[in-house]
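Raw contents of start.txt, compact mmCIF, N, CA and C atoms:
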# COMPACT_ATOMS: atom_id res chain seq x y z
N MET A 1 -1.62 -23.18 4.62
CA MET A 1 -0.82 -22.05 5.03
C MET A 1 -1.71 -21.08 5.77
N GLN A 2 -1.21 -20.57 6.89
CA GLN A 2 -1.91 -19.58 7.68
C GLN A 2 -1.07 -18.31 7.75
N ILE A 3 -1.73 -17.16 7.82
CA ILE A 3 -1.05 -15.90 8.09
C ILE A 3 -1.57 -15.42 9.43
N ILE A 4 -0.64 -15.35 10.39
CA ILE A 4 -1.00 -15.01 11.77
C ILE A 4 0.00 -13.99 12.31
N PRO A 5 -0.35 -13.33 13.42
CA PRO A 5 0.58 -12.35 14.00
C PRO A 5 1.89 -13.01 14.45
N ALA A 6 2.97 -12.30 14.26
CA ALA A 6 4.28 -12.73 14.73
C ALA A 6 4.59 -12.02 16.03
N SER A 7 5.47 -12.61 16.83
CA SER A 7 5.81 -12.02 18.12
C SER A 7 7.30 -12.25 18.42
N PHE A 8 7.71 -11.75 19.55
CA PHE A 8 9.09 -11.90 20.01
C PHE A 8 9.52 -13.37 20.01
N ARG A 9 8.59 -14.28 20.27
CA ARG A 9 8.91 -15.71 20.31
C ARG A 9 9.37 -16.24 18.94
N ASP A 10 9.16 -15.45 17.88
CA ASP A 10 9.54 -15.86 16.53
C ASP A 10 10.94 -15.38 16.13
N LEU A 11 11.68 -14.82 17.05
CA LEU A 11 12.97 -14.20 16.72
C LEU A 11 13.93 -15.19 16.05
N THR A 12 14.09 -16.38 16.59
CA THR A 12 15.03 -17.35 16.02
C THR A 12 14.59 -17.75 14.61
N ALA A 13 13.33 -18.05 14.43
CA ALA A 13 12.83 -18.44 13.11
C ALA A 13 12.96 -17.29 12.12
N LEU A 14 12.71 -16.06 12.59
CA LEU A 14 12.82 -14.91 11.71
C LEU A 14 14.26 -14.66 11.28
N ARG A 15 15.20 -14.84 12.18
CA ARG A 15 16.62 -14.69 11.81
C ARG A 15 17.00 -15.68 10.71
N LYS A 16 16.56 -16.91 10.85
CA LYS A 16 16.85 -17.94 9.85
C LYS A 16 16.20 -17.57 8.52
N LEU A 17 14.95 -17.15 8.55
CA LEU A 17 14.23 -16.77 7.33
C LEU A 17 14.88 -15.57 6.67
N GLU A 18 15.26 -14.59 7.46
CA GLU A 18 15.88 -13.37 6.93
C GLU A 18 17.15 -13.69 6.16
N HIS A 19 17.97 -14.59 6.70
CA HIS A 19 19.22 -14.96 6.01
C HIS A 19 18.94 -15.80 4.76
N ALA A 20 17.91 -16.64 4.81
CA ALA A 20 17.56 -17.45 3.64
C ALA A 20 17.04 -16.57 2.50
N CYS A 21 16.32 -15.52 2.87
CA CYS A 21 15.69 -14.65 1.85
C CYS A 21 16.62 -13.56 1.34
N PHE A 22 17.41 -12.97 2.24
CA PHE A 22 18.11 -11.73 1.89
C PHE A 22 19.62 -11.80 1.98
N ASP A 23 20.16 -12.85 2.56
CA ASP A 23 21.60 -13.06 2.63
C ASP A 23 22.34 -11.79 3.03
N LYS A 24 22.98 -11.11 2.08
CA LYS A 24 23.83 -9.95 2.41
C LYS A 24 23.04 -8.73 2.89
N ASP A 25 21.73 -8.71 2.65
CA ASP A 25 20.89 -7.60 3.11
C ASP A 25 20.10 -7.95 4.36
N ALA A 26 20.38 -9.10 4.95
CA ALA A 26 19.63 -9.53 6.13
C ALA A 26 19.75 -8.50 7.25
N TRP A 27 18.63 -8.27 7.91
CA TRP A 27 18.63 -7.33 9.03
C TRP A 27 19.43 -7.88 10.18
N SER A 28 19.97 -6.98 10.98
CA SER A 28 20.74 -7.35 12.17
C SER A 28 19.81 -7.89 13.25
N PHE A 29 20.41 -8.51 14.25
CA PHE A 29 19.66 -9.02 15.39
C PHE A 29 18.82 -7.90 16.03
N LEU A 30 19.43 -6.73 16.20
CA LEU A 30 18.70 -5.62 16.83
C LEU A 30 17.54 -5.12 15.98
N ASP A 31 17.73 -5.08 14.66
CA ASP A 31 16.64 -4.69 13.77
C ASP A 31 15.48 -5.67 13.87
N LEU A 32 15.79 -6.97 13.91
CA LEU A 32 14.75 -7.98 14.01
C LEU A 32 14.04 -7.90 15.36
N LEU A 33 14.80 -7.67 16.40
CA LEU A 33 14.21 -7.50 17.72
C LEU A 33 13.26 -6.30 17.73
N ALA A 34 13.68 -5.23 17.10
CA ALA A 34 12.84 -4.03 17.03
C ALA A 34 11.55 -4.29 16.26
N VAL A 35 11.65 -4.94 15.11
CA VAL A 35 10.45 -5.16 14.29
C VAL A 35 9.47 -6.09 15.00
N LEU A 36 9.98 -6.94 15.86
CA LEU A 36 9.10 -7.86 16.59
C LEU A 36 8.56 -7.28 17.89
N THR A 37 9.05 -6.11 18.31
CA THR A 37 8.61 -5.57 19.60
C THR A 37 8.04 -4.16 19.55
N PHE A 38 8.38 -3.35 18.56
CA PHE A 38 7.82 -1.99 18.51
C PHE A 38 6.30 -2.10 18.43
N PRO A 39 5.59 -1.41 19.29
CA PRO A 39 4.14 -1.61 19.40
C PRO A 39 3.34 -1.23 18.15
N GLU A 40 3.78 -0.25 17.40
CA GLU A 40 2.97 0.21 16.26
C GLU A 40 3.17 -0.62 14.99
N VAL A 41 4.20 -1.46 14.94
CA VAL A 41 4.53 -2.22 13.74
C VAL A 41 3.54 -3.37 13.55
N ILE A 42 3.07 -3.52 12.32
CA ILE A 42 2.26 -4.67 11.92
C ILE A 42 3.23 -5.78 11.56
N ARG A 43 3.11 -6.93 12.16
CA ARG A 43 4.02 -8.04 11.87
C ARG A 43 3.21 -9.33 11.75
N LEU A 44 3.36 -9.94 10.59
CA LEU A 44 2.62 -11.16 10.29
C LEU A 44 3.58 -12.21 9.77
N LYS A 45 3.26 -13.46 10.07
CA LYS A 45 4.07 -14.56 9.56
C LYS A 45 3.18 -15.54 8.82
N ALA A 46 3.75 -16.15 7.80
CA ALA A 46 3.09 -17.24 7.09
C ALA A 46 3.64 -18.53 7.68
N VAL A 47 2.74 -19.41 8.06
CA VAL A 47 3.13 -20.67 8.70
C VAL A 47 2.58 -21.83 7.88
N GLU A 48 3.45 -22.78 7.60
CA GLU A 48 3.05 -24.00 6.91
C GLU A 48 3.75 -25.16 7.59
N ASP A 49 3.00 -26.21 7.87
CA ASP A 49 3.55 -27.39 8.54
C ASP A 49 4.28 -27.03 9.82
N GLY A 50 3.75 -26.04 10.56
CA GLY A 50 4.31 -25.66 11.84
C GLY A 50 5.55 -24.79 11.80
N GLN A 51 5.97 -24.37 10.62
CA GLN A 51 7.17 -23.54 10.55
C GLN A 51 6.89 -22.23 9.82
N MET A 52 7.65 -21.19 10.20
CA MET A 52 7.54 -19.90 9.54
C MET A 52 8.17 -19.99 8.16
N VAL A 53 7.35 -19.71 7.14
CA VAL A 53 7.86 -19.74 5.76
C VAL A 53 7.83 -18.36 5.12
N GLY A 54 7.27 -17.38 5.82
CA GLY A 54 7.22 -16.02 5.31
C GLY A 54 6.99 -15.03 6.42
N PHE A 55 7.37 -13.78 6.16
CA PHE A 55 7.22 -12.72 7.16
C PHE A 55 7.03 -11.40 6.45
N VAL A 56 6.17 -10.57 7.01
CA VAL A 56 5.99 -9.21 6.50
C VAL A 56 5.84 -8.28 7.70
N ALA A 57 6.41 -7.09 7.58
CA ALA A 57 6.26 -6.06 8.61
C ALA A 57 5.83 -4.77 7.95
N GLY A 58 4.83 -4.14 8.53
CA GLY A 58 4.35 -2.86 8.03
C GLY A 58 4.54 -1.78 9.08
N ASP A 59 5.03 -0.65 8.65
CA ASP A 59 5.31 0.48 9.53
C ASP A 59 4.31 1.60 9.24
N PRO A 60 3.25 1.71 10.04
CA PRO A 60 2.27 2.77 9.79
C PRO A 60 2.86 4.13 10.13
N ARG A 61 2.68 5.06 9.26
CA ARG A 61 3.17 6.43 9.49
C ARG A 61 2.05 7.41 9.16
N PRO A 62 1.00 7.40 9.94
CA PRO A 62 -0.17 8.23 9.60
C PRO A 62 0.15 9.71 9.46
N SER A 63 1.12 10.21 10.20
CA SER A 63 1.45 11.63 10.10
C SER A 63 2.07 11.97 8.74
N GLU A 64 2.64 10.96 8.07
CA GLU A 64 3.24 11.17 6.75
C GLU A 64 2.25 10.87 5.62
N GLY A 65 1.10 10.28 5.97
CA GLY A 65 0.08 9.98 4.96
C GLY A 65 0.30 8.68 4.22
N PHE A 66 1.32 7.92 4.60
CA PHE A 66 1.56 6.62 3.98
C PHE A 66 2.22 5.70 4.98
N ALA A 67 2.15 4.41 4.70
CA ALA A 67 2.80 3.39 5.51
C ALA A 67 3.87 2.72 4.65
N TRP A 68 4.80 2.05 5.30
CA TRP A 68 5.86 1.32 4.60
C TRP A 68 5.72 -0.17 4.87
N ILE A 69 5.86 -0.96 3.83
CA ILE A 69 6.12 -2.38 4.00
C ILE A 69 7.63 -2.42 4.24
N ALA A 70 8.02 -2.61 5.49
CA ALA A 70 9.43 -2.52 5.86
C ALA A 70 10.22 -3.73 5.37
N THR A 71 9.58 -4.88 5.38
CA THR A 71 10.21 -6.09 4.87
C THR A 71 9.13 -7.09 4.52
N ILE A 72 9.40 -7.89 3.52
CA ILE A 72 8.54 -9.01 3.16
C ILE A 72 9.44 -10.05 2.52
N GLY A 73 9.32 -11.27 3.00
CA GLY A 73 10.15 -12.34 2.46
C GLY A 73 9.49 -13.69 2.62
N VAL A 74 9.75 -14.56 1.66
CA VAL A 74 9.24 -15.93 1.67
C VAL A 74 10.43 -16.87 1.49
N ASP A 75 10.50 -17.88 2.32
CA ASP A 75 11.55 -18.89 2.21
C ASP A 75 11.65 -19.33 0.74
N PRO A 76 12.85 -19.36 0.18
CA PRO A 76 13.01 -19.72 -1.22
C PRO A 76 12.35 -21.05 -1.61
N HIS A 77 12.26 -21.99 -0.68
CA HIS A 77 11.63 -23.28 -0.96
C HIS A 77 10.11 -23.18 -1.08
N TYR A 78 9.54 -22.05 -0.67
CA TYR A 78 8.09 -21.87 -0.67
C TYR A 78 7.65 -20.75 -1.61
N GLN A 79 8.57 -20.21 -2.38
CA GLN A 79 8.20 -19.12 -3.29
C GLN A 79 7.41 -19.64 -4.48
N ARG A 80 6.73 -18.71 -5.15
CA ARG A 80 5.91 -18.99 -6.33
C ARG A 80 4.66 -19.81 -6.00
N ARG A 81 4.18 -19.66 -4.75
CA ARG A 81 2.97 -20.36 -4.32
C ARG A 81 1.88 -19.38 -3.87
N GLY A 82 2.12 -18.08 -4.05
CA GLY A 82 1.13 -17.08 -3.65
C GLY A 82 1.25 -16.61 -2.21
N ILE A 83 2.26 -17.08 -1.50
CA ILE A 83 2.42 -16.71 -0.09
C ILE A 83 2.79 -15.24 0.03
N GLY A 84 3.71 -14.76 -0.79
CA GLY A 84 4.11 -13.35 -0.74
C GLY A 84 2.94 -12.43 -1.04
N ARG A 85 2.16 -12.78 -2.05
CA ARG A 85 0.98 -11.97 -2.41
C ARG A 85 -0.02 -11.95 -1.24
N ALA A 86 -0.26 -13.11 -0.64
CA ALA A 86 -1.21 -13.19 0.48
C ALA A 86 -0.72 -12.37 1.67
N MET A 87 0.57 -12.44 1.96
CA MET A 87 1.11 -11.65 3.08
C MET A 87 1.03 -10.16 2.79
N LEU A 88 1.36 -9.76 1.56
CA LEU A 88 1.29 -8.35 1.17
C LEU A 88 -0.13 -7.83 1.37
N ARG A 89 -1.11 -8.57 0.88
CA ARG A 89 -2.51 -8.15 1.02
C ARG A 89 -2.93 -8.10 2.49
N ALA A 90 -2.49 -9.07 3.27
CA ALA A 90 -2.84 -9.07 4.70
C ALA A 90 -2.25 -7.86 5.40
N ALA A 91 -1.00 -7.54 5.12
CA ALA A 91 -0.36 -6.37 5.74
C ALA A 91 -1.07 -5.09 5.32
N GLU A 92 -1.38 -4.97 4.03
CA GLU A 92 -2.09 -3.78 3.55
C GLU A 92 -3.43 -3.63 4.26
N GLY A 93 -4.09 -4.74 4.54
CA GLY A 93 -5.37 -4.69 5.23
C GLY A 93 -5.27 -4.16 6.64
N HIS A 94 -4.13 -4.33 7.27
CA HIS A 94 -3.92 -3.82 8.63
C HIS A 94 -3.42 -2.37 8.64
N LEU A 95 -2.87 -1.92 7.54
CA LEU A 95 -2.34 -0.56 7.46
C LEU A 95 -3.46 0.38 7.02
N LYS A 96 -3.74 1.38 7.80
CA LYS A 96 -4.92 2.22 7.58
C LYS A 96 -4.68 3.45 6.71
N THR A 97 -3.45 3.72 6.36
CA THR A 97 -3.18 4.88 5.51
C THR A 97 -3.65 4.61 4.08
N PRO A 98 -3.98 5.65 3.33
CA PRO A 98 -4.45 5.44 1.96
C PRO A 98 -3.34 5.05 0.98
N ARG A 99 -2.09 5.26 1.37
CA ARG A 99 -0.97 4.93 0.50
C ARG A 99 0.00 4.02 1.25
N VAL A 100 0.58 3.08 0.50
CA VAL A 100 1.57 2.15 1.05
C VAL A 100 2.78 2.17 0.14
N ARG A 101 3.96 2.22 0.73
CA ARG A 101 5.21 2.22 -0.03
C ARG A 101 6.08 1.03 0.39
N LEU A 102 7.00 0.69 -0.51
CA LEU A 102 7.99 -0.34 -0.23
C LEU A 102 9.20 -0.08 -1.11
N THR A 103 10.29 -0.74 -0.79
CA THR A 103 11.52 -0.63 -1.57
C THR A 103 11.94 -2.03 -1.99
N VAL A 104 12.39 -2.15 -3.23
CA VAL A 104 12.80 -3.44 -3.77
C VAL A 104 14.06 -3.24 -4.61
N ARG A 105 14.90 -4.26 -4.63
CA ARG A 105 16.10 -4.21 -5.48
C ARG A 105 15.69 -4.06 -6.95
N MET A 106 16.43 -3.25 -7.67
CA MET A 106 16.18 -3.05 -9.09
C MET A 106 16.25 -4.37 -9.87
N SER A 107 17.07 -5.30 -9.39
CA SER A 107 17.27 -6.57 -10.09
C SER A 107 16.22 -7.63 -9.73
N ASN A 108 15.36 -7.36 -8.77
CA ASN A 108 14.39 -8.36 -8.31
C ASN A 108 13.12 -8.28 -9.15
N GLN A 109 13.23 -8.72 -10.39
CA GLN A 109 12.12 -8.58 -11.33
C GLN A 109 10.88 -9.36 -10.89
N GLY A 110 11.07 -10.50 -10.26
CA GLY A 110 9.92 -11.28 -9.79
C GLY A 110 9.09 -10.49 -8.79
N ALA A 111 9.75 -9.86 -7.82
CA ALA A 111 9.04 -9.07 -6.82
C ALA A 111 8.42 -7.83 -7.46
N ILE A 112 9.15 -7.19 -8.35
CA ILE A 112 8.62 -5.98 -9.01
C ILE A 112 7.35 -6.32 -9.78
N THR A 113 7.36 -7.43 -10.49
CA THR A 113 6.16 -7.85 -11.23
C THR A 113 4.99 -8.09 -10.28
N LEU A 114 5.25 -8.77 -9.17
CA LEU A 114 4.20 -8.99 -8.18
C LEU A 114 3.63 -7.67 -7.69
N TYR A 115 4.50 -6.75 -7.32
CA TYR A 115 4.04 -5.46 -6.79
C TYR A 115 3.25 -4.70 -7.84
N GLU A 116 3.69 -4.73 -9.08
CA GLU A 116 2.94 -4.05 -10.15
C GLU A 116 1.56 -4.69 -10.33
N GLN A 117 1.49 -6.01 -10.26
CA GLN A 117 0.21 -6.71 -10.36
C GLN A 117 -0.72 -6.33 -9.21
N GLU A 118 -0.14 -5.98 -8.08
CA GLU A 118 -0.92 -5.60 -6.90
C GLU A 118 -1.21 -4.10 -6.84
N GLY A 119 -0.86 -3.36 -7.89
CA GLY A 119 -1.23 -1.95 -7.97
C GLY A 119 -0.15 -0.95 -7.58
N TYR A 120 1.06 -1.41 -7.35
CA TYR A 120 2.16 -0.51 -7.02
C TYR A 120 2.77 0.06 -8.30
N HIS A 121 3.28 1.27 -8.18
CA HIS A 121 4.01 1.89 -9.29
C HIS A 121 5.24 2.60 -8.73
N THR A 122 6.23 2.81 -9.56
CA THR A 122 7.49 3.41 -9.14
C THR A 122 7.31 4.90 -8.89
N VAL A 123 7.81 5.36 -7.73
CA VAL A 123 7.75 6.78 -7.40
C VAL A 123 9.13 7.39 -7.20
N ASP A 124 10.17 6.54 -7.05
CA ASP A 124 11.51 7.07 -6.82
C ASP A 124 12.52 5.95 -7.00
N ILE A 125 13.77 6.32 -7.16
CA ILE A 125 14.89 5.38 -7.14
C ILE A 125 15.89 5.90 -6.13
N TRP A 126 16.24 5.05 -5.18
CA TRP A 126 17.24 5.40 -4.18
C TRP A 126 18.57 4.80 -4.63
N LYS A 127 19.47 5.66 -5.05
CA LYS A 127 20.78 5.24 -5.54
C LYS A 127 21.60 4.60 -4.42
N GLY A 128 22.20 3.45 -4.73
CA GLY A 128 23.10 2.79 -3.79
C GLY A 128 22.45 2.37 -2.49
N TYR A 129 21.16 2.10 -2.48
CA TYR A 129 20.41 1.82 -1.26
C TYR A 129 20.85 0.53 -0.57
N TYR A 130 21.16 -0.49 -1.34
CA TYR A 130 21.48 -1.79 -0.75
C TYR A 130 22.97 -1.90 -0.43
N ASN A 131 23.29 -2.85 0.46
CA ASN A 131 24.66 -2.99 0.97
C ASN A 131 25.72 -3.10 -0.11
N ASP A 132 25.37 -3.71 -1.22
CA ASP A 132 26.34 -3.89 -2.31
C ASP A 132 26.31 -2.74 -3.31
N GLY A 133 25.53 -1.70 -3.03
CA GLY A 133 25.48 -0.53 -3.90
C GLY A 133 24.37 -0.55 -4.93
N GLU A 134 23.60 -1.64 -4.98
CA GLU A 134 22.49 -1.69 -5.95
C GLU A 134 21.42 -0.67 -5.55
N ASP A 135 20.80 -0.11 -6.58
CA ASP A 135 19.74 0.88 -6.35
C ASP A 135 18.47 0.20 -5.84
N GLY A 136 17.70 0.96 -5.10
CA GLY A 136 16.40 0.51 -4.62
C GLY A 136 15.29 1.24 -5.35
N LEU A 137 14.32 0.50 -5.78
CA LEU A 137 13.15 1.05 -6.46
C LEU A 137 12.08 1.29 -5.40
N VAL A 138 11.64 2.52 -5.24
CA VAL A 138 10.58 2.84 -4.29
C VAL A 138 9.26 2.79 -5.05
N MET A 139 8.35 1.94 -4.55
CA MET A 139 7.07 1.75 -5.20
C MET A 139 5.95 2.13 -4.23
N GLU A 140 4.84 2.59 -4.80
CA GLU A 140 3.72 3.05 -3.98
C GLU A 140 2.41 2.53 -4.53
N LYS A 141 1.51 2.24 -3.62
CA LYS A 141 0.14 1.83 -3.98
C LYS A 141 -0.82 2.77 -3.30
N ILE A 142 -1.81 3.24 -4.04
CA ILE A 142 -2.89 4.02 -3.44
C ILE A 142 -4.07 3.08 -3.32
N LYS A 143 -4.49 2.87 -2.08
CA LYS A 143 -5.57 1.90 -1.82
C LYS A 143 -6.93 2.50 -2.15
Using the file provided, produce a representation of the structure as structure tokens.
Amino acid sequence: MQIIPASFRDLTALRKLEHACFDKDAWSFLDLLAVLTFPEVIRLKAVEDGQMVGFVAGDPRPSEGFAWIATIGVDPHYQRRGIGRAMLRAAEGHLKTPRVRLTVRMSNQGAITLYEQEGYHTVDIWKGYYNDGEDGLVMEKIK
């Protein structure tokens, strides 16, 4: 498995991955186009056997003193292999702010455990954040 920069050429693969990972919360075509083209966004993909099996995007916000992991997902067939952890660490390495934040579904205990193992802690709860009304847990790591 390799973690390498993603680009506009990955749009089709990213759309497929987004729907496999997030279904009802999948980003729109325009959101995916934006994350793959905005110059300041950190975008990395995990590739195995020539296909994208994971994606992470980081949004640096130096004026706010923290960056956001805007999205991170691993194809369900490739989960529990350390790919998500490796992508998270790679994105954090590219983000220069001392603090990094992300949002995760309250029900996604697997991801929450991973983030806690990586040094994240809960700083807020966003009520009704997800499309179906589920709350989002805002987590932060101080590097």
**Prompt:** Please, what distance in Å, to one decimal, runs between atom CA of Tyr120 of chain A and atom CA of Lys16 of chain A?
**Reply:** 28.4 Å
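Of the listed residues A:Met139, A:Cys21, A:Val47, A:Leu95, the one whose atoms come nearest to Ile72 of chain A is A:Cys21, with distances taken using only C-alpha atoms.
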**Message:** Quick check for you: according to DSSP on this backbone, which residues of chain A are classed as helix (DSSP H, G or I)? Reply as a PyMOL selection string.
**Reply:** chain A and resi 8-25+29-37+62-64+76-78+83-94+109-117
**Message:** Using only C-alpha atoms, which protein or nucleic acid residues come within 12 Å of Thr71 of chain A? Drop anything in the same chain fewer than 2 positions from it, and give the result as a ChimeraX atom specification.
**Reply:** /A:14,17-18,21-22,25-27,31-32,35-36,41-45,54-59,68-69,73-74,84,87-88,91,101-104
**Message:** I'd like the interatomic distance between atom CA of Ala46 of chain A and atom CA of Ile83 of chain A, to a tenth of an Å.
**Reply:** 7.2 Å
**Request:** Give the strand (DSSP E or B) residues of chain A, as assigned by DSSP on the backbone, as a PyMOL selection string.
**Result:** chain A and resi 2-5+42-48+51-59+66-74+99-105+121-126+136-142
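Using only C-alpha atoms, the smallest distance between any of A:Gly82, A:Gly119, A:Asn131, A:Ala67 and His94 of chain A comes from A:Ala67.
You will find atom C of Ala13 of chain A at 7.9 Å from atom N of Val53 of chain A.
For the choices A:Asp49, A:Arg89, A:Pro39, A:Asp23, the atom-to-atom distance to Gln2 of chain A is smallest for A:Asp49 when using all atoms listed in the file.
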**Message:** Show me the residues around (-1.2, 3.0, 0.9) - criterion: an atom at most 5 Å away, all atoms listed in the file counted - as a VMD selection string.
**Reply:** chain A and resid 97 to 100 141 to 143
